[in-house]
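J.: To be precise about what I am sending: the file is called run10.cif and holds mmCIF, C-alpha atoms and all ligand atoms.
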```
data_data
loop_
_atom_site.label_atom_id
_atom_site.label_comp_id
_atom_site.auth_asym_id
_atom_site.auth_seq_id
_atom_site.Cartn_x
_atom_site.Cartn_y
_atom_site.Cartn_z
CA MET A 1111 -11.53 12.57 12.62
CA LEU A 1112 -7.99 12.79 13.91
CA TYR A 1113 -5.72 14.96 11.74
CA LYS A 1114 -1.94 14.89 11.76
CA GLU A 1115 0.67 17.24 10.30
CA TYR A 1116 2.30 15.81 7.18
CA GLY A 1117 5.94 16.62 7.84
CA LYS A 1118 6.90 20.20 7.07
CA THR A 1119 4.24 20.74 4.40
CA GLY A 1120 1.85 22.66 6.66
CA LYS A 1121 -0.95 20.32 5.58
CA LYS A 1122 -2.98 18.42 8.14
CA LEU A 1123 -4.19 15.07 6.87
CA SER A 1124 -6.85 12.70 8.13
CA VAL A 1125 -5.35 9.71 9.89
CA ILE A 1126 -7.40 7.43 7.62
CA GLY A 1127 -6.82 7.98 3.91
CA PHE A 1128 -8.96 6.86 0.98
CA GLY A 1129 -7.10 4.17 -0.97
CA GLY A 1130 -8.36 4.24 -4.56
CA MET A 1131 -7.05 0.85 -5.65
CA ARG A 1132 -10.07 -1.32 -4.88
CA PHE A 1133 -13.01 0.06 -6.85
CA ALA A 1134 -15.13 -2.91 -7.81
CA LYS A 1135 -17.54 -3.54 -10.67
CA ARG A 1136 -21.20 -3.43 -9.74
CA GLY A 1137 -22.82 -5.89 -12.10
CA ASP A 1138 -21.05 -5.90 -15.48
CA ASP A 1139 -19.37 -2.54 -15.19
CA TYR A 1140 -18.12 0.16 -12.84
CA ASP A 1141 -20.69 2.57 -11.47
CA LEU A 1142 -19.11 6.04 -11.59
CA ASP A 1143 -21.87 7.61 -9.50
CA TYR A 1144 -21.51 4.97 -6.80
CA ASN A 1145 -17.73 5.38 -6.77
CA ALA A 1146 -18.13 9.16 -6.48
CA GLU A 1147 -20.61 8.69 -3.63
CA MET A 1148 -18.04 6.51 -1.80
CA MET A 1149 -15.53 9.35 -2.00
CA HIS A 1150 -18.12 11.95 -1.00
CA GLN A 1151 -19.13 9.83 1.99
CA ALA A 1152 -15.46 9.55 2.99
CA SER A 1153 -15.14 13.33 2.73
CA ARG A 1154 -18.29 13.86 4.81
CA MET A 1155 -16.79 11.60 7.49
CA GLY A 1156 -13.64 13.71 7.63
CA ILE A 1157 -11.24 11.94 5.24
CA ASN A 1158 -9.24 14.52 3.29
CA TYR A 1159 -6.42 12.42 1.76
CA PHE A 1160 -7.33 10.63 -1.48
CA ASP A 1161 -4.73 8.37 -3.03
CA THR A 1162 -4.77 7.05 -6.57
CA ALA A 1163 -2.36 6.00 -9.33
CA PRO A 1164 -2.46 5.77 -13.12
CA LEU A 1165 -2.29 1.98 -13.16
CA TYR A 1166 -4.26 0.76 -10.18
CA TYR A 1167 -6.39 -2.35 -10.53
CA CYS A 1168 -9.99 -1.62 -11.60
CA ASP A 1169 -8.76 -1.58 -15.21
CA ALA A 1170 -6.48 1.40 -14.55
CA ARG A 1171 -9.56 3.66 -14.19
CA SER A 1172 -9.04 4.85 -10.61
CA GLU A 1173 -7.99 8.37 -11.67
CA GLU A 1174 -11.06 8.62 -13.88
CA PHE A 1175 -13.29 7.72 -10.91
CA PHE A 1176 -11.48 10.31 -8.78
CA GLY A 1177 -12.08 12.95 -11.45
CA GLN A 1178 -15.80 12.19 -11.40
CA ALA A 1179 -15.94 12.58 -7.61
CA PHE A 1180 -13.83 15.75 -7.60
CA LYS A 1181 -16.49 17.62 -9.60
CA ASN A 1182 -18.41 18.24 -6.38
CA MET A 1183 -16.52 17.15 -3.28
CA PRO A 1184 -18.30 18.24 -0.11
CA ASN A 1185 -15.12 19.31 1.73
CA GLU A 1186 -11.53 20.35 1.11
CA TYR A 1187 -9.36 17.44 -0.05
CA TYR A 1188 -5.80 16.57 -1.02
CA VAL A 1189 -4.99 14.29 -3.92
CA SER A 1190 -2.07 11.94 -4.25
CA THR A 1191 -1.04 10.21 -7.45
CA LYS A 1192 2.15 8.70 -8.82
CA SER A 1193 4.49 7.94 -11.68
CA ASN A 1194 6.88 5.04 -11.86
CA TYR A 1195 8.77 6.29 -14.92
CA LYS A 1196 12.50 6.78 -14.49
CA ASP A 1197 12.76 9.02 -17.54
CA GLY A 1198 11.81 12.65 -16.90
CA GLY A 1199 9.94 13.08 -20.19
CA GLU A 1200 7.82 10.00 -19.56
CA LEU A 1201 7.05 11.15 -16.02
CA ARG A 1202 5.95 14.55 -17.32
CA ARG A 1203 3.66 12.93 -19.87
CA GLN A 1204 2.11 10.73 -17.19
CA LEU A 1205 1.70 13.66 -14.79
CA GLU A 1206 -0.12 15.68 -17.44
CA GLN A 1207 -2.33 12.67 -18.17
CA SER A 1208 -3.20 12.38 -14.45
CA LEU A 1209 -4.15 16.07 -14.32
CA ARG A 1210 -6.33 15.67 -17.40
CA ARG A 1211 -8.00 12.50 -16.17
CA MET A 1212 -8.87 14.03 -12.81
CA ASP A 1213 -9.52 17.47 -14.32
CA ILE A 1214 -7.60 19.26 -11.57
CA PRO A 1215 -4.93 21.99 -11.85
CA LYS A 1216 -2.32 20.34 -9.60
CA ILE A 1217 -1.38 17.27 -7.59
CA ASN A 1218 -0.90 17.91 -3.87
CA PHE A 1219 1.28 14.86 -3.18
CA PHE A 1220 3.07 13.55 -6.26
CA HIS A 1221 4.82 10.24 -5.73
CA ILE A 1222 7.99 8.99 -7.35
CA TRP A 1223 6.32 5.60 -7.42
CA CYS A 1224 7.48 2.26 -6.18
CA ILE A 1225 11.18 2.61 -5.44
CA MET A 1226 12.37 -0.96 -5.04
CA SER A 1227 16.01 -0.47 -4.01
CA LEU A 1228 18.65 2.18 -3.43
CA GLU A 1229 19.93 1.60 -6.95
CA ASP A 1230 16.44 2.27 -8.27
CA TYR A 1231 16.26 5.41 -6.10
CA ARG A 1232 19.52 6.72 -7.58
CA GLU A 1233 18.22 6.09 -11.09
CA ARG A 1234 15.17 8.26 -10.36
CA LEU A 1235 17.55 11.05 -9.26
CA ALA A 1236 19.73 10.87 -12.38
CA LYS A 1237 20.07 13.84 -14.72
CA GLY A 1238 17.06 14.03 -17.02
CA GLY A 1239 15.25 11.63 -14.75
CA ALA A 1240 12.06 11.43 -12.72
CA TYR A 1241 13.05 13.64 -9.79
CA GLU A 1242 14.33 16.45 -12.01
CA ALA A 1243 11.09 16.46 -13.99
CA ALA A 1244 9.03 16.46 -10.79
CA LEU A 1245 11.03 19.43 -9.47
CA LYS A 1246 10.34 21.36 -12.67
CA ALA A 1247 6.63 20.56 -12.43
CA LYS A 1248 6.68 21.76 -8.85
CA GLU A 1249 8.25 25.06 -9.92
CA GLU A 1250 5.46 25.40 -12.47
CA GLY A 1251 2.83 24.89 -9.78
CA LEU A 1252 1.63 21.50 -11.06
CA ILE A 1253 2.77 19.73 -7.88
CA ASP A 1254 2.66 20.88 -4.26
CA HIS A 1255 4.94 18.26 -2.72
CA ILE A 1256 7.32 15.66 -4.18
CA VAL A 1257 7.13 12.45 -2.20
CA ALA A 1258 7.93 8.80 -2.90
CA SER A 1259 6.52 5.36 -2.34
CA THR A 1260 8.89 2.53 -1.64
CA HIS A 1261 9.16 -1.15 -0.81
CA CYS A 1262 12.71 -0.79 0.46
CA ASN A 1263 13.64 -2.18 3.84
CA GLY A 1264 14.07 -0.03 6.95
CA GLU A 1265 17.81 0.57 6.49
CA GLU A 1266 17.37 1.70 2.87
CA ILE A 1267 14.45 3.96 3.80
CA GLU A 1268 16.66 5.49 6.48
CA ILE A 1269 19.24 6.45 3.82
CA ILE A 1270 16.55 7.97 1.58
CA ALA A 1271 15.03 9.86 4.52
CA ASN A 1272 18.38 11.23 5.64
CA GLU A 1273 19.09 12.65 2.17
CA GLY A 1274 16.11 14.96 2.57
CA ARG A 1275 15.24 15.36 -1.13
CA ILE A 1276 11.61 14.38 -0.73
CA GLU A 1277 8.99 15.63 1.71
CA GLY A 1278 7.38 12.34 2.62
CA LEU A 1279 7.14 8.63 2.00
CA THR A 1280 4.43 6.07 1.41
CA VAL A 1281 5.43 2.63 2.66
CA GLY A 1282 3.80 -0.75 3.14
CA TYR A 1283 3.45 -1.21 6.87
CA ASN A 1284 1.23 -3.48 8.91
CA VAL A 1285 1.26 -5.92 11.81
CA LEU A 1286 3.08 -8.43 9.62
CA ASN A 1287 5.99 -6.39 8.36
CA ALA A 1288 6.34 -3.63 11.00
CA PRO A 1289 9.84 -4.57 12.23
CA TYR A 1290 11.09 -4.82 8.63
CA ARG A 1291 10.32 -1.11 8.04
CA GLN A 1292 10.42 0.43 11.54
CA ARG A 1293 13.93 1.85 11.25
CA GLY A 1294 12.92 3.72 8.10
CA LEU A 1295 9.84 5.16 9.77
CA ASP A 1296 11.88 6.33 12.72
CA ALA A 1297 14.39 8.08 10.41
CA ALA A 1298 11.65 9.73 8.36
CA TYR A 1299 9.98 11.01 11.51
CA LYS A 1300 13.27 12.36 12.81
CA ASN A 1301 13.71 14.21 9.53
CA ASN A 1302 10.24 15.71 9.89
CA MET A 1303 8.81 13.90 6.87
CA GLY A 1304 5.24 12.78 6.41
CA ILE A 1305 4.56 9.04 6.39
CA VAL A 1306 1.60 7.39 4.68
CA THR A 1307 1.25 3.66 5.22
CA MET A 1308 -0.33 1.40 2.62
CA ASN A 1309 -1.42 -2.24 2.81
CA PRO A 1310 -2.46 -2.11 6.50
CA LEU A 1311 -4.49 -5.33 6.12
CA SER A 1312 -1.68 -7.18 4.40
CA GLY A 1313 -3.50 -7.79 1.14
CA GLY A 1314 -6.62 -9.06 2.93
CA LEU A 1315 -4.73 -11.74 4.85
CA ILE A 1316 -5.72 -10.31 8.23
CA PRO A 1317 -9.51 -10.16 7.67
CA LYS A 1318 -9.38 -13.61 5.99
CA ASN A 1319 -7.87 -15.15 9.14
CA PRO A 1320 -9.57 -13.41 12.06
CA ASP A 1321 -8.87 -16.24 14.51
CA LYS A 1322 -5.12 -16.28 13.86
CA PHE A 1323 -4.91 -12.51 14.20
CA ARG A 1324 -7.22 -12.23 17.19
CA PHE A 1325 -4.16 -11.44 19.32
CA ILE A 1326 -4.03 -7.91 17.84
CA CYS A 1327 -7.55 -7.03 19.14
CA LYS A 1328 -8.06 -5.30 22.45
CA ASP A 1329 -11.12 -7.47 23.25
CA ASP A 1330 -13.57 -9.94 21.70
CA GLN A 1331 -15.78 -7.15 20.37
CA GLU A 1332 -13.11 -5.50 18.23
CA SER A 1333 -12.72 -6.66 14.62
CA VAL A 1334 -9.26 -7.53 13.31
CA VAL A 1335 -9.71 -4.90 10.57
CA ASP A 1336 -10.26 -2.12 13.13
CA ALA A 1337 -7.38 -3.40 15.26
CA ALA A 1338 -5.00 -3.52 12.28
CA LEU A 1339 -5.89 0.02 11.16
CA LYS A 1340 -5.54 1.30 14.72
CA PHE A 1341 -2.13 -0.33 15.10
CA ASN A 1342 -0.85 1.92 12.30
CA ALA A 1343 -2.90 5.00 13.16
CA VAL A 1344 -1.82 5.18 16.79
CA GLN A 1345 1.88 5.47 15.98
CA LYS A 1346 3.30 8.96 16.14
CA GLU A 1347 5.53 8.42 13.08
CA ILE A 1348 2.56 7.62 10.84
CA THR A 1349 0.51 10.48 9.40
CA VAL A 1350 -2.05 8.59 7.30
CA VAL A 1351 -3.18 4.98 7.10
CA LEU A 1352 -4.44 4.22 3.60
CA ALA A 1353 -7.43 1.91 3.62
CA GLY A 1354 -8.58 0.42 0.32
CA MET A 1355 -12.29 1.18 -0.10
CA ASP A 1356 -14.53 -1.02 -2.24
CA SER A 1357 -18.04 -0.13 -1.00
CA LEU A 1358 -19.93 2.48 0.99
CA GLU A 1359 -19.93 0.08 3.93
CA SER A 1360 -16.13 -0.18 3.88
CA VAL A 1361 -15.87 3.62 3.75
CA VAL A 1362 -18.06 3.94 6.85
CA GLN A 1363 -16.17 1.19 8.72
CA ASN A 1364 -12.72 2.56 7.89
CA ALA A 1365 -13.54 6.21 8.50
CA ALA A 1366 -15.07 5.29 11.87
CA VAL A 1367 -11.63 4.16 13.05
CA GLY A 1368 -10.26 7.68 12.52
CA ASN A 1369 -13.29 9.14 14.25
CA GLY A 1370 -13.04 6.80 17.25
CA LYS A 1371 -10.67 6.20 20.10
CA LEU A 1372 -7.25 4.88 19.09
CA ASP A 1373 -6.95 2.63 22.09
CA VAL A 1374 -4.27 0.04 21.34
CA PRO A 1375 -2.76 -1.66 24.39
CA GLU A 1376 0.98 -0.99 24.69
CA GLU A 1377 1.67 -4.71 25.15
CA THR A 1378 0.00 -5.46 21.79
CA ILE A 1379 2.26 -2.98 20.02
CA THR A 1380 5.31 -4.48 21.71
CA ALA A 1381 4.24 -8.04 20.84
CA ILE A 1382 3.87 -7.11 17.18
CA LYS A 1383 7.06 -5.09 16.89
CA THR A 1384 9.20 -7.68 18.63
CA ARG A 1385 7.68 -10.51 16.60
CA GLU A 1386 6.63 -12.38 19.71
CA ASN A 1387 4.26 -14.02 17.27
CA LYS A 1388 6.72 -15.82 14.96
CA LEU A 1389 4.06 -16.49 12.37
CA LEU A 1390 4.12 -12.84 11.37
CA ASP A 1391 7.64 -13.01 10.07
CA GLN A 1392 6.97 -15.71 7.53
CA LEU A 1393 3.82 -14.73 5.67
CA CYS A 1394 3.57 -13.50 2.07
CA THR A 1395 1.64 -10.23 1.99
CA GLY A 1396 0.35 -10.74 -1.57
CA CYS A 1397 1.91 -7.48 -2.75
CA GLN A 1398 2.92 -9.11 -6.09
CA TYR A 1399 6.19 -7.23 -6.42
CA CYS A 1400 7.91 -10.54 -7.15
CA MET A 1401 5.99 -10.75 -10.44
CA PRO A 1402 6.22 -11.41 -13.32
CA CYS A 1403 8.29 -14.58 -13.35
CA PRO A 1404 10.17 -15.21 -16.64
CA GLN A 1405 8.97 -18.85 -16.50
CA GLY A 1406 5.36 -17.81 -15.97
CA VAL A 1407 5.18 -19.15 -12.42
CA GLU A 1408 2.25 -17.57 -10.56
CA ILE A 1409 4.45 -16.87 -7.58
CA SER A 1410 2.09 -14.85 -5.40
CA LYS A 1411 -0.71 -17.42 -5.82
CA HIS A 1412 1.58 -20.26 -4.74
CA MET A 1413 2.87 -18.15 -1.84
CA ASP A 1414 -0.73 -17.40 -0.88
CA THR A 1415 -1.41 -21.12 -0.56
CA TYR A 1416 1.83 -21.51 1.39
CA ASN A 1417 0.48 -18.93 3.82
CA LEU A 1418 -2.43 -21.26 4.46
CA LYS A 1419 0.00 -24.01 5.37
CA LEU A 1420 1.66 -21.64 7.83
CA LEU A 1421 -1.78 -20.71 9.14
CA GLU A 1422 -2.38 -24.46 9.62
CA ASP A 1423 -5.33 -24.61 7.26
CA PRO A 1424 -5.88 -28.36 6.59
CA GLY A 1425 -7.16 -27.62 3.09
CA HIS A 1426 -4.08 -25.71 1.95
CA LYS A 1427 -2.97 -28.27 -0.64
CA GLY A 1428 -6.22 -28.10 -2.59
CA VAL A 1429 -6.62 -24.34 -2.65
CA ILE A 1430 -4.43 -23.70 -5.66
CA GLU A 1431 -6.84 -25.71 -7.81
CA TRP A 1432 -10.27 -24.77 -6.52
CA TYR A 1433 -9.47 -21.16 -5.76
CA TRP A 1434 -6.81 -20.17 -8.29
CA GLY A 1435 -7.52 -22.71 -11.04
CA LEU A 1436 -3.87 -23.84 -11.11
CA LYS A 1437 -1.98 -26.96 -10.13
CA ASN A 1438 0.63 -27.24 -7.41
CA SER A 1439 2.87 -28.95 -9.98
CA HIS A 1440 3.10 -25.64 -11.93
CA ALA A 1441 5.48 -24.49 -9.21
CA ALA A 1442 8.01 -26.92 -10.67
CA ASP A 1443 8.42 -24.58 -13.68
CA CYS A 1444 10.65 -22.47 -11.44
CA THR A 1445 14.27 -22.61 -12.66
CA ALA A 1446 15.59 -21.00 -9.47
CA CYS A 1447 16.88 -17.93 -11.32
CA GLY A 1448 16.37 -15.95 -8.10
CA ILE A 1449 14.87 -12.79 -9.67
CA CYS A 1450 11.73 -12.95 -7.55
CA GLU A 1451 13.63 -13.32 -4.29
CA THR A 1452 15.54 -10.09 -4.93
CA LYS A 1453 12.21 -8.32 -5.39
CA CYS A 1454 10.27 -9.91 -2.55
CA THR A 1455 9.20 -7.24 -0.07
CA GLN A 1456 9.05 -9.84 2.72
CA HIS A 1457 12.42 -11.39 1.77
CA LEU A 1458 10.85 -14.85 1.59
CA ASN A 1459 12.64 -18.01 0.47
CA ILE A 1460 10.34 -18.31 -2.55
CA ILE A 1461 12.42 -20.93 -4.39
CA GLU A 1462 12.42 -23.32 -1.43
CA ARG A 1463 8.70 -22.85 -0.90
CA LEU A 1464 7.93 -23.46 -4.59
CA GLU A 1465 9.95 -26.67 -4.45
CA GLU A 1466 7.87 -27.85 -1.51
CA VAL A 1467 4.58 -26.76 -3.06
CA SER A 1468 5.34 -28.48 -6.39
CA VAL A 1469 5.06 -31.96 -4.81
CA TRP A 1470 1.93 -31.34 -2.71
S1 LIG B 1501 13.23 -18.02 -8.99
FE1 LIG B 1501 11.67 -19.26 -9.99
S2 LIG B 1501 9.74 -18.29 -9.51
FE2 LIG B 1501 11.35 -16.83 -9.07
S3 LIG B 1501 11.47 -15.60 -10.94
FE3 LIG B 1501 13.00 -17.22 -11.09
S4 LIG B 1501 11.95 -18.88 -12.16
FE4 LIG B 1501 10.38 -17.46 -11.44
S1 LIG B 1502 6.33 -13.52 -2.41
FE1 LIG B 1502 7.08 -11.58 -1.57
S2 LIG B 1502 6.92 -10.10 -3.28
FE2 LIG B 1502 5.73 -11.91 -3.82
S3 LIG B 1502 3.66 -11.43 -3.20
FE3 LIG B 1502 4.61 -12.48 -1.49
S4 LIG B 1502 5.48 -10.92 -0.19
FE4 LIG B 1502 5.01 -9.96 -2.15
#
```
Translate the structure of the given file into C-alpha cells.
Ligand code: SF4
Ligand code: SF4

T.:
Amino acid sequence: MLYKEYGKTGKKLSVIGFGGMRFAKRGDDYDLDYNAEMMHQASRMGINYFDTAPLYYCDARSEEFFGQAFKNMPNEYYVSTKSNYKDGGELRRQLEQSLRRMDIPKINFFHIWCIMSLEDYRERLAKGGAYEAALKAKEEGLIDHIVASTHCNGEEIEIIANEGRIEGLTVGYNVLNAPYRQRGLDAAYKNNMGIVTMNPLSGGLIPKNPDKFRFICKDDQESVVDAALKFNAVQKEITVVLAGMDSLESVVQNAAVGNGKLDVPEETITAIKTRENKLLDQLCTGCQYCMPCPQGVEISKHMDTYNLKLLEDPGHKGVIEWYWGLKNSHAADCTACGICETKCTQHLNIIERLEEVSVW
C-alpha cells in the first residue's frame, strides 16, 4: 500500500481510504459481523484511514458499524468523523455521541462537515460556533486534527486553505469535476495541508457507463473503477482517495489499487483536466446537495435521467418511471425559485433542464 503524509500532521495515510457510507443490508438487516470483517480485510490490505459520519446512509448506523470493527482491528488505524452543526454546543454533543458510538477515546481527523460556501465557512468560525468548540475538544485531547469537508469551488477552497485554520480538507474530486476544484487542491498543497478526496466514482456514474468513460483507462484490460481511483491517487496534492465499500469484494478491488502500480498516462490526466471531453463538464454527479426542493421536486433523480440523455442513452425518457417510480411531468412542479442552483456542486442549469424534462 502506498502511504502519503497528511499535511503537517506527521501521520502517514493509505492512499486508498475506507469510505463508510455504503454499508448495505444483507437480507432484511445489516450484518455487523460482515461489516466488521470488511473493515478488518481493508486493514489487512494496508488501509489505515477509515471515514464515517453520524448521518451517513445505511440508516445513520455507520458509526455503530465502525465501533463494532474497532473492537479488534488487526492494524493501527485512523478514524475520521464529522459534525455539520454550526453551533458549538450542538457540535460538542454530536462529537461526544460519535465517541460513544464508536467506543473510542478520540477522533483523529474531525471534520467541520460540508461547508457549502464562504459565508457558511465564516458562520462555522463565529464566536460560540463549530470551530471554537472543535478547538476546545482538541485541547482536551478528544480530537487530534481539525479538518473540514467542503463542496466549495476551487477559488473558495483556495481562500479557506490560505487562512490556515484547519489542517486538511476533504473534497469531492473525480474525473468529472477535477477542473472545478483543482485551484483549491493546488492552494491546499502549497499550504502543506492534507487532502482527502471523496466521490471518486461520481456517485456510481462512471462504473454505470464504462463505454463512455473508457477514455480514462490505460488499456482494454483496465476497469473504469480502477482508472478513476488511480486518477485521484496518482496526484501529488491528494493524500487519500476515499472509496465507498459495500462488500468484501469491493474492499479487495479498491485496496488493490493502492497496492498496485499507479500508472496513469500523462495525456489522460491532461485530457481530463483540460476537459477535452466536453461531456464531463455537464454531468450531474448525484451528490444530492441541491435537495430538498421546497416544491418536492426530486431534483437529483431528474438530473440523473438528464445525464442519460447526455450519455446518449436512447431509453432516457422512460427511466424516471421504471427506475425511479416518478413521472417526467413532476419536473413541472418547479417554480424556478433558484435555491437548488445556488447549492449545486456542479453549477448545473437545473431549472432549464427540469423544464425540458417535464415535457418528455
Ligand atoms: S428551482 Fe425548482 S427545483 Fe430548484 S429548488 Fe426551486 S422549485 Fe425546486
Ligand atoms: S444537480 Fe447538482 S447538486 Fe444536485 S445532485 Fe446533481 S450535481 Fe449534485

J.: Pick the closest to Thr1260 (chain A) from A:Thr1119, A:Thr1455, A:Asn1302, A:Asn1284: which is it, counting all atoms listed in the file?

T.: A:Thr1455

J.: Within 7 Å of ligand LIG 1502 (chain B), which residues of chain A come that close, and what is the closest atom pair and distance in Å for each? Count only C-alpha atoms and all ligand atoms and give it as JSON lines.

T.:
```
{"residue": "A:Cys1394", "atom": "CA", "partner": "B:LIG1502", "partner_atom": "FE3", "distance": 3.8}
{"residue": "A:Thr1395", "atom": "CA", "partner": "B:LIG1502", "partner_atom": "S4", "distance": 4.5}
{"residue": "A:Gly1396", "atom": "CA", "partner": "B:LIG1502", "partner_atom": "S3", "distance": 3.8}
{"residue": "A:Cys1397", "atom": "CA", "partner": "B:LIG1502", "partner_atom": "FE4", "distance": 4.0}
{"residue": "A:Gln1398", "atom": "CA", "partner": "B:LIG1502", "partner_atom": "S3", "distance": 3.8}
{"residue": "A:Tyr1399", "atom": "CA", "partner": "B:LIG1502", "partner_atom": "S2", "distance": 4.3}
{"residue": "A:Cys1400", "atom": "CA", "partner": "B:LIG1502", "partner_atom": "S2", "distance": 4.0}
{"residue": "A:Met1401", "atom": "CA", "partner": "B:LIG1502", "partner_atom": "FE2", "distance": 6.7}
{"residue": "A:Ile1409", "atom": "CA", "partner": "B:LIG1502", "partner_atom": "FE2", "distance": 6.4}
{"residue": "A:Ser1410", "atom": "CA", "partner": "B:LIG1502", "partner_atom": "S3", "distance": 4.4}
{"residue": "A:Met1413", "atom": "CA", "partner": "B:LIG1502", "partner_atom": "S1", "distance": 5.8}
{"residue": "A:Lys1453", "atom": "CA", "partner": "B:LIG1502", "partner_atom": "S2", "distance": 6.0}
{"residue": "A:Cys1454", "atom": "CA", "partner": "B:LIG1502", "partner_atom": "S2", "distance": 3.4}
{"residue": "A:Thr1455", "atom": "CA", "partner": "B:LIG1502", "partner_atom": "S2", "distance": 4.9}
{"residue": "A:Gln1456", "atom": "CA", "partner": "B:LIG1502", "partner_atom": "S4", "distance": 4.7}
{"residue": "A:His1457", "atom": "CA", "partner": "B:LIG1502", "partner_atom": "FE1", "distance": 6.3}
{"residue": "A:Leu1458", "atom": "CA", "partner": "B:LIG1502", "partner_atom": "FE1", "distance": 5.9}
{"residue": "A:Ile1460", "atom": "CA", "partner": "B:LIG1502", "partner_atom": "S1", "distance": 6.2}
```

J.: In Å to one decimal, how far is CA of Lys1318 (chain A) from CA of Tyr1144 (chain A)?

T.: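 One can read the CA of Tyr1144 (chain A) to CA of Lys1318 (chain A) distance as 25.6 Å.
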
J.: Residues within 6 Å of ligand LIG 1501 (chain B), counting only C-alpha atoms and all ligand atoms: report them as a ChimeraX atom specification.

T.: /A:1403-1405,1407,1409,1444-1450,1461

J.: Between CA of Asn1158 (chain A) and CA of Gly1313 (chain A), measure the distance and give it in Å to one decimal.

T.: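 If I compute the distance from CA of Asn1158 (chain A) to CA of Gly1313 (chain A), I get 23.1 Å.
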
J.: Between A:His1412, A:Arg1171, A:Lys1216, A:Lys1196, which is the closest to Ala1441 (chain A) once you count only C-alpha atoms?

T.: A:His1412

J.: Emit as lines of an AutoDock Vina configuration file the padded axis-aligned box for all listed atoms of region 1163-1177 of chain A, 6 Å per side, with centre and edge lengths in Å to one decimal.

T.:
```
center_x = -7.8
center_y = 5.3
center_z = -12.0
size_x = 23.0
size_y = 27.3
size_z = 18.4
```

J.: Enter the distance from CA of Trp1223 (chain A) to CA of Ile1256 (chain A), in Å, rounded to one decimal.

T.: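 Spanning CA of Trp1223 (chain A) to CA of Ile1256 (chain A) is a straight-line distance of 10.6 Å.
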
J.: Taking into account only C-alpha atoms, which residue in the set A:Gly1428, A:Leu1205, A:Arg1154, A:Met1148 is nearest to Pro1184 (chain A)?

T.: A:Arg1154

J.: Could you check the closest approach to Glu1206 (chain A) for each of A:Ile1253, A:Tyr1159, A:Gln1178, A:Leu1228 and tell me which residue wins, using all atoms listed in the file?

T.: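 For Glu1206 (chain A), the nearest of the given residues is A:Ile1253.
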
J.: Near region 1328-1339 of chain A, within 9 Å and counting only C-alpha atoms, which residues show up once chain neighbours fewer than 4 positions away are dropped, as a VMD selection string?

T.: chain A and resid 1126 1284 to 1285 1310 to 1311 1316 to 1317 1319 to 1321 1323 to 1324 1343 to 1344 1351 to 1353 1363 to 1364 1366 to 1368 1373 to 1375 1378

J.: Nearest to Ala1236 (chain A): which of A:Glu1376, A:Ile1214, A:Ala1258, A:Gly1198 is it, counting only C-alpha atoms?

T.: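 Nearest candidate to Ala1236 (chain A) out of A:Glu1376, A:Ile1214, A:Ala1258, A:Gly1198: A:Gly1198.
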
J.: Let me make sure I understand: among A:Glu1233, A:Glu1359, A:Asp1443, A:Glu1266, which one has the smallest atom-to-atom distance to Met1149 (chain A) if we use all atoms listed in the file?

T.: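 Nearest to Met1149 (chain A): A:Glu1359.
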
J.: What lies within 10 Å of Phe1176 (chain A) using only C-alpha atoms, ignoring chain neighbours under 4 positions off, as a list in words?

T.: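 In the requested form, the answer reads Gly1130, Leu1142, Asn1145, Ala1146, Met1149, Phe1160, Asp1161, Thr1162, Arg1171, Ser1172, Phe1180, Lys1181, Val1189, Arg1211, Met1212 and Asp1213 of chain A.
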
J.: Env of Asn1438 (chain A): 10 Å cut, atoms = all atoms listed in the file, seq-sep filter 5 positions within chain, self excluded. Answer as a CSV table (one decimal) with C-alpha atoms, in the frame of the given file.

T.:
```csv
chain,number,residue,atom,x,y,z
A,1412,HIS,CA,1.6,-20.3,-4.7
A,1415,THR,CA,-1.4,-21.1,-0.6
A,1427,LYS,CA,-3.0,-28.3,-0.6
A,1428,GLY,CA,-6.2,-28.1,-2.6
A,1429,VAL,CA,-6.6,-24.3,-2.6
A,1430,ILE,CA,-4.4,-23.7,-5.7
A,1431,GLU,CA,-6.8,-25.7,-7.8
A,1464,LEU,CA,7.9,-23.5,-4.6
A,1465,GLU,CA,10.0,-26.7,-4.4
A,1466,GLU,CA,7.9,-27.8,-1.5
A,1467,VAL,CA,4.6,-26.8,-3.1
A,1468,SER,CA,5.3,-28.5,-6.4
A,1469,VAL,CA,5.1,-32.0,-4.8
A,1470,TRP,CA,1.9,-31.3,-2.7
```

J.: Excluding same-chain residues fewer than 3 positions from Ala1271 (chain A), what lies within 7 Å of it counting all atoms listed in the file, as a ChimeraX atom specification?

T.: /A:1267-1268,1274,1297-1298,1301

J.: Would you tabulate, counting all atoms listed in the file, all residues of region 1293-1399 of chain A that have an atom at most 8 Å from an atom of region 1418-1423 of chain A, showing the closest pair of atoms and their distance in Å to one decimal, sorted by chain then ascending number, as JSON lines?

T.:
```
{"residue": "A:Lys1322", "atom": "CA", "partner": "A:Leu1421", "partner_atom": "CA", "distance": 7.3}
{"residue": "A:Leu1389", "atom": "CA", "partner": "A:Leu1420", "partner_atom": "CA", "distance": 7.3}
{"residue": "A:Gln1392", "atom": "CA", "partner": "A:Leu1420", "partner_atom": "CA", "distance": 8.0}
{"residue": "A:Leu1393", "atom": "CA", "partner": "A:Leu1420", "partner_atom": "CA", "distance": 7.6}
```

J.: How would region 1459-1463 of chain A of the given structure read as a file with N, CA and C atoms, as a PDB file, in the first residue's frame?

T.:
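Wrote it out as result.pdb, contents follow:
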```
ATOM      1  N   ASN A1459     -27.470  24.054 -14.820  1.00  0.00           N
ATOM      2  CA  ASN A1459     -28.673  24.847 -15.076  1.00  0.00           C
ATOM      3  C   ASN A1459     -29.896  23.971 -14.833  1.00  0.00           C
ATOM      4  N   ILE A1460     -30.143  23.682 -13.555  1.00  0.00           N
ATOM      5  CA  ILE A1460     -31.183  22.716 -13.166  1.00  0.00           C
ATOM      6  C   ILE A1460     -32.555  23.138 -13.685  1.00  0.00           C
ATOM      7  N   ILE A1461     -32.881  24.433 -13.548  1.00  0.00           N
ATOM      8  CA  ILE A1461     -34.224  24.901 -13.912  1.00  0.00           C
ATOM      9  C   ILE A1461     -34.503  24.631 -15.397  1.00  0.00           C
ATOM     10  N   GLU A1462     -33.537  24.966 -16.227  1.00  0.00           N
ATOM     11  CA  GLU A1462     -33.684  24.738 -17.676  1.00  0.00           C
ATOM     12  C   GLU A1462     -33.842  23.252 -17.987  1.00  0.00           C
ATOM     13  N   ARG A1463     -33.061  22.445 -17.310  1.00  0.00           N
ATOM     14  CA  ARG A1463     -33.133  21.002 -17.558  1.00  0.00           C
ATOM     15  C   ARG A1463     -34.489  20.432 -17.123  1.00  0.00           C
TER      16      ARG A1463
END
```
